[in-house]
Each structure stands twice: as structure tokens, then as C-alpha cells.
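Okay, structure first, notes after.
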Amino acid sequence: MTRSFEFYRLLGFDIPEGLELEPHAEITLPGGLRFMWDTVELMQSLEPEYTHTPEHGIGAFLCASAAEVDATYNRLLEAGFQGVKAPWDAFWGQRYAIARDPDGHKVDLFASLAAG
């Protein structure tokens with residue numbers, strides 16, 4: 001889970017060092033939402049037929065500004081993570097970009113264009 005934690009730390013998640021050594025990890029985000037990770041091995045011990053299928057997105061992350069969308073996307077690429085769609089000005093009034101986390105989940109980055 002080390003690489004996954006690197007990705008989410010770049011998105012601002014406060015993930016304690018050493019947590020990547022555990023088969024199950026979770027953090028509480030501001031506002032109380034809990035974000036959890038499990039190793040494939042743990043999932044298969046609970047559900048033997050489990051297979052990892054990341055075909056769906058994992059979420060959308062609000063950035064403070066359009067410039068932050070660009071900067072965050074670029075930091076992810078510079079760290080070796082995959083970009084899916086480079087930042088663009090979406091017709092719905094947001095600066096938007098899509099990246100892929102190390103487990104294959106699409107992760108959206110967005111900010112209001114009015115926010116700069």
C-alpha cells in the first residue's frame with residue numbers, strides 16, 4: 001500500500017507513517033468521512049472469490065483554485081503516477097483533471113473556475 005499512500009498524501013491526506021505495513025488501514029478525513037485501504041490478500045482471506053477490479057472512480061477532490069488543480073495534477077505526474085486527462089476548463093464551470101491512483105481507480109480533481 002506504500003505507493004497508494006504516496007499518491008493520497010500528494011492529495012493532502014494525513015496518513016501516518018508506518019500504516020502501509022498493515023493489511024488494513026483507515027484514516028478519518030475532515031468532516032468525519034473515513035477512507036480505508038485493504039490489501040488484496042486481506043480481502044481474499046475474507047472473501048476467497050475477491051478480485052481487484054478498479055473500473056469505477058474513487059472520488060472527486062475539491063481544490064482551492066484552478067491553479068491548484070493544475071499544480072496537483074502535475075505533482076502526481078512528476079511523482080510517476082498516471083494522468084488520464086490533463087486539466088481543462090469544463091463547460092460546467094470547473095477546472096477539471098483526472099488521474100489514476102496506483103490501484104487503477106480514477107480520481108478527479110476540480111475547482112470552480114470563478115475561484116481562479
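Identifiers in the C-alpha cells: chain A, B, ... in order shown; residue index from 1 per chain; ligand index from 1 in order shown.
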Residues within 10 Å of Thr28 (chain A), only C-alpha atoms, excluding chain neighbours under 5 positions, as number ranges by chain
A: 13-15, 33-36
Could you save those same residues with C-alpha atoms as a PDB file, in the first residue's frame?
ATOM      1  CA  PHE A  13      -4.338  13.102   3.103  1.00  0.00           C
ATOM      2  CA  ASP A  14      -2.702  12.962   6.540  1.00  0.00           C
ATOM      3  CA  ILE A  15      -1.616   9.311   6.578  1.00  0.00           C
ATOM      4  CA  LEU A  33     -15.565  10.692   6.276  1.00  0.00           C
ATOM      5  CA  ARG A  34     -13.473   7.552   6.736  1.00  0.00           C
ATOM      6  CA  PHE A  35     -11.157   6.407   3.949  1.00  0.00           C
ATOM      7  CA  MET A  36      -9.959   2.797   4.071  1.00  0.00           C
TER       8      MET A  36
END
I need the strand (DSSP E or B) residues of chain A per DSSP on the backbone, written as a ChimeraX atom specification.
/A:24-28,34-38,59-62,82-89,94-100,106-112
Mind running region 11-62 of chain A against region 105-112 of chain A at 6 Å and telling me each contacting residue's nearest atom pair with the distance in Å (one decimal), counting only C-alpha atoms, chain and number ascending, as CSV?
residue,atom,partner,partner_atom,distance
A:Pro54,CA,A:His105,CA,5.1
A:Gly57,CA,A:Lys106,CA,4.4
A:Ile58,CA,A:Val107,CA,5.8
A:Gly59,CA,A:Val107,CA,5.6
A:Ala60,CA,A:Asp108,CA,4.4
A:Phe61,CA,A:Leu109,CA,4.9
A:Leu62,CA,A:Phe110,CA,5.2
Output for the residues just chosen: C-alpha atoms as a CSV table (one decimal), in the first residue's frame:
chain,number,residue,atom,x,y,z
A,54,PRO,CA,-10.9,-0.8,-10.3
A,57,GLY,CA,-13.8,6.1,-9.9
A,58,ILE,CA,-13.0,6.6,-6.3
A,59,GLY,CA,-14.0,10.2,-5.9
A,60,ALA,CA,-13.6,13.8,-6.7
A,61,PHE,CA,-11.3,16.1,-4.8
A,62,LEU,CA,-12.0,19.8,-4.5
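Minimum distance to His52 (chain A) across A:Asp103, A:Leu113, A:Pro16, A:Ile98 (counting only C-alpha atoms) occurs at A:Asp103.
Take the candidates A:Met1, A:Ala64, A:Ala90, A:Ala79 and check each one against Leu21 (chain A) using only C-alpha atoms; the shortest distance goes to A:Met1.
Residue neighbourhood of region 80-87 of chain A, excluding near-sequence residues (fewer than 2 positions): Phe7, Val69, Asp70, Tyr73, Leu76, Leu77, Glu78, Asp89, Arg95, Tyr96, Ala97, Ile98, Ala99, Arg100, Asp101, Pro102 and Lys106 of chain A, at 8 Å, using only C-alpha atoms.
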Writing out the chosen residues with C-alpha atoms as a PDB file, in the first residue's frame:
ATOM      1  CA  PHE A   7      -0.495   9.184  -4.097  1.00  0.00           C
ATOM      2  CA  VAL A  69      -5.918  21.614  -9.937  1.00  0.00           C
ATOM      3  CA  ASP A  70      -3.049  22.091 -12.387  1.00  0.00           C
ATOM      4  CA  TYR A  73      -2.136  17.060 -11.327  1.00  0.00           C
ATOM      5  CA  LEU A  76       1.091  13.457  -9.389  1.00  0.00           C
ATOM      6  CA  LEU A  77       2.679  13.104 -12.839  1.00  0.00           C
ATOM      7  CA  GLU A  78       6.097  14.197 -11.564  1.00  0.00           C
ATOM      8  CA  ASP A  89     -11.855  24.148 -18.409  1.00  0.00           C
ATOM      9  CA  ARG A  95     -11.242  23.368 -13.889  1.00  0.00           C
ATOM     10  CA  TYR A  96     -11.075  19.581 -14.053  1.00  0.00           C
ATOM     11  CA  ALA A  97      -8.449  16.843 -14.346  1.00  0.00           C
ATOM     12  CA  ILE A  98      -8.449  13.072 -13.970  1.00  0.00           C
ATOM     13  CA  ALA A  99      -5.613  10.921 -12.631  1.00  0.00           C
ATOM     14  CA  ARG A 100      -5.345   7.235 -11.811  1.00  0.00           C
ATOM     15  CA  ASP A 101      -4.204   6.011  -8.413  1.00  0.00           C
ATOM     16  CA  PRO A 102      -1.734   3.091  -8.158  1.00  0.00           C
ATOM     17  CA  LYS A 106      -9.823   7.154 -11.475  1.00  0.00           C
TER      18      LYS A 106
END
Run DSSP on the backbone and tell me which residues of chain A come out as helix (DSSP H, G or I); list them as an mmCIF file with N, CA and C atoms, in the first residue's frame.
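This went into part-v5.cif:
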data_model
loop_
_atom_site.group_PDB
_atom_site.id
_atom_site.type_symbol
_atom_site.label_atom_id
_atom_site.label_comp_id
_atom_site.auth_asym_id
_atom_site.auth_seq_id
_atom_site.Cartn_x
_atom_site.Cartn_y
_atom_site.Cartn_z
ATOM 1 N N THR A 2 2.149 1.086 0.037
ATOM 2 C CA THR A 2 3.056 2.230 0.111
ATOM 3 C C THR A 2 2.825 3.224 -1.017
ATOM 4 N N ARG A 3 2.758 2.742 -2.241
ATOM 5 C CA ARG A 3 2.598 3.641 -3.397
ATOM 6 C C ARG A 3 1.236 4.337 -3.360
ATOM 7 N N SER A 4 0.216 3.630 -2.941
ATOM 8 C CA SER A 4 -1.108 4.238 -2.809
ATOM 9 C C SER A 4 -1.082 5.372 -1.792
ATOM 10 N N PHE A 5 -0.405 5.144 -0.684
ATOM 11 C CA PHE A 5 -0.314 6.199 0.334
ATOM 12 C C PHE A 5 0.453 7.406 -0.195
ATOM 13 N N GLU A 6 1.495 7.173 -0.990
ATOM 14 C CA GLU A 6 2.233 8.292 -1.590
ATOM 15 C C GLU A 6 1.296 9.145 -2.441
ATOM 16 N N PHE A 7 0.461 8.488 -3.233
ATOM 17 C CA PHE A 7 -0.495 9.184 -4.097
ATOM 18 C C PHE A 7 -1.441 10.046 -3.268
ATOM 19 N N TYR A 8 -2.057 9.441 -2.256
ATOM 20 C CA TYR A 8 -3.062 10.175 -1.481
ATOM 21 C C TYR A 8 -2.441 11.234 -0.574
ATOM 22 N N ARG A 9 -1.205 11.053 -0.182
ATOM 23 C CA ARG A 9 -0.513 12.127 0.553
ATOM 24 C C ARG A 9 -0.337 13.346 -0.349
ATOM 25 N N LEU A 10 -0.095 13.129 -1.639
ATOM 26 C CA LEU A 10 0.016 14.243 -2.579
ATOM 27 C C LEU A 10 -1.313 14.975 -2.742
ATOM 28 N N LEU A 19 1.759 3.081 8.532
ATOM 29 C CA LEU A 19 0.444 2.478 8.314
ATOM 30 C C LEU A 19 0.460 1.529 7.116
ATOM 31 N N GLU A 20 1.383 1.767 6.178
ATOM 32 C CA GLU A 20 1.463 0.928 4.978
ATOM 33 C C GLU A 20 1.902 -0.499 5.289
ATOM 34 N N LEU A 21 2.360 -0.752 6.494
ATOM 35 C CA LEU A 21 2.779 -2.095 6.884
ATOM 36 C C LEU A 21 1.603 -2.962 7.321
ATOM 37 N N VAL A 40 -5.088 -6.868 -1.105
ATOM 38 C CA VAL A 40 -5.817 -7.910 -1.830
ATOM 39 C C VAL A 40 -5.817 -9.192 -1.005
ATOM 40 N N GLU A 41 -4.695 -9.483 -0.357
ATOM 41 C CA GLU A 41 -4.597 -10.704 0.457
ATOM 42 C C GLU A 41 -5.610 -10.696 1.602
ATOM 43 N N LEU A 42 -5.789 -9.559 2.247
ATOM 44 C CA LEU A 42 -6.783 -9.472 3.321
ATOM 45 C C LEU A 42 -8.181 -9.691 2.759
ATOM 46 N N MET A 43 -8.480 -9.029 1.651
ATOM 47 C CA MET A 43 -9.810 -9.184 1.054
ATOM 48 C C MET A 43 -10.073 -10.636 0.660
ATOM 49 N N GLN A 44 -9.069 -11.305 0.112
ATOM 50 C CA GLN A 44 -9.246 -12.702 -0.285
ATOM 51 C C GLN A 44 -9.370 -13.628 0.913
ATOM 52 N N SER A 45 -8.807 -13.251 2.056
ATOM 53 C CA SER A 45 -8.988 -14.070 3.257
ATOM 54 C C SER A 45 -10.415 -13.946 3.782
ATOM 55 N N LEU A 46 -11.055 -12.816 3.518
ATOM 56 C CA LEU A 46 -12.437 -12.601 3.946
ATOM 57 C C LEU A 46 -13.438 -13.099 2.917
ATOM 58 N N ALA A 66 -8.331 26.886 -9.605
ATOM 59 C CA ALA A 66 -7.980 26.248 -10.874
ATOM 60 C C ALA A 66 -6.479 25.980 -10.930
ATOM 61 N N ALA A 67 -5.689 26.916 -10.423
ATOM 62 C CA ALA A 67 -4.232 26.741 -10.413
ATOM 63 C C ALA A 67 -3.832 25.543 -9.556
ATOM 64 N N GLU A 68 -4.569 25.301 -8.472
ATOM 65 C CA GLU A 68 -4.257 24.147 -7.619
ATOM 66 C C GLU A 68 -4.581 22.832 -8.324
ATOM 67 N N VAL A 69 -5.628 22.815 -9.147
ATOM 68 C CA VAL A 69 -5.918 21.614 -9.937
ATOM 69 C C VAL A 69 -4.704 21.285 -10.800
ATOM 70 N N ASP A 70 -4.204 22.295 -11.510
ATOM 71 C CA ASP A 70 -3.049 22.091 -12.387
ATOM 72 C C ASP A 70 -1.826 21.639 -11.593
ATOM 73 N N ALA A 71 -1.557 22.315 -10.484
ATOM 74 C CA ALA A 71 -0.374 22.005 -9.678
ATOM 75 C C ALA A 71 -0.453 20.598 -9.092
ATOM 76 N N THR A 72 -1.617 20.214 -8.596
ATOM 77 C CA THR A 72 -1.783 18.878 -8.009
ATOM 78 C C THR A 72 -1.619 17.806 -9.077
ATOM 79 N N TYR A 73 -2.256 18.007 -10.218
ATOM 80 C CA TYR A 73 -2.136 17.060 -11.327
ATOM 81 C C TYR A 73 -0.664 16.911 -11.733
ATOM 82 N N ASN A 74 0.036 18.026 -11.856
ATOM 83 C CA ASN A 74 1.453 17.986 -12.245
ATOM 84 C C ASN A 74 2.317 17.295 -11.195
ATOM 85 N N ARG A 75 2.026 17.516 -9.902
ATOM 86 C CA ARG A 75 2.766 16.819 -8.837
ATOM 87 C C ARG A 75 2.580 15.311 -8.943
ATOM 88 N N LEU A 76 1.356 14.888 -9.241
ATOM 89 C CA LEU A 76 1.091 13.457 -9.389
ATOM 90 C C LEU A 76 1.902 12.880 -10.550
ATOM 91 N N LEU A 77 1.914 13.582 -11.683
ATOM 92 C CA LEU A 77 2.679 13.104 -12.839
ATOM 93 C C LEU A 77 4.173 13.076 -12.541
ATOM 94 N N GLU A 78 4.673 14.128 -11.899
ATOM 95 C CA GLU A 78 6.097 14.197 -11.564
ATOM 96 C C GLU A 78 6.514 13.073 -10.614
ATOM 97 N N LEU A 113 -14.038 27.547 -11.689
ATOM 98 C CA LEU A 113 -13.260 28.488 -12.494
ATOM 99 C C LEU A 113 -13.336 29.891 -11.905
ATOM 100 N N ALA A 114 -14.422 30.194 -11.224
ATOM 101 C CA ALA A 114 -14.571 31.504 -10.584
ATOM 102 C C ALA A 114 -13.577 31.679 -9.438
ATOM 103 N N ALA A 115 -13.096 30.560 -8.882
ATOM 104 C CA ALA A 115 -12.141 30.621 -7.767
ATOM 105 C C ALA A 115 -10.741 30.983 -8.244
#
Please report the interatomic distance between CA of Ser65 (chain A) and CA of Ile27 (chain A) in Å with one decimal.
25.0 Å
Rounded to one decimal in Å, what is the spacing between CA of Pro30 (chain A) and CA of Glu17 (chain A)?
18.7 Å
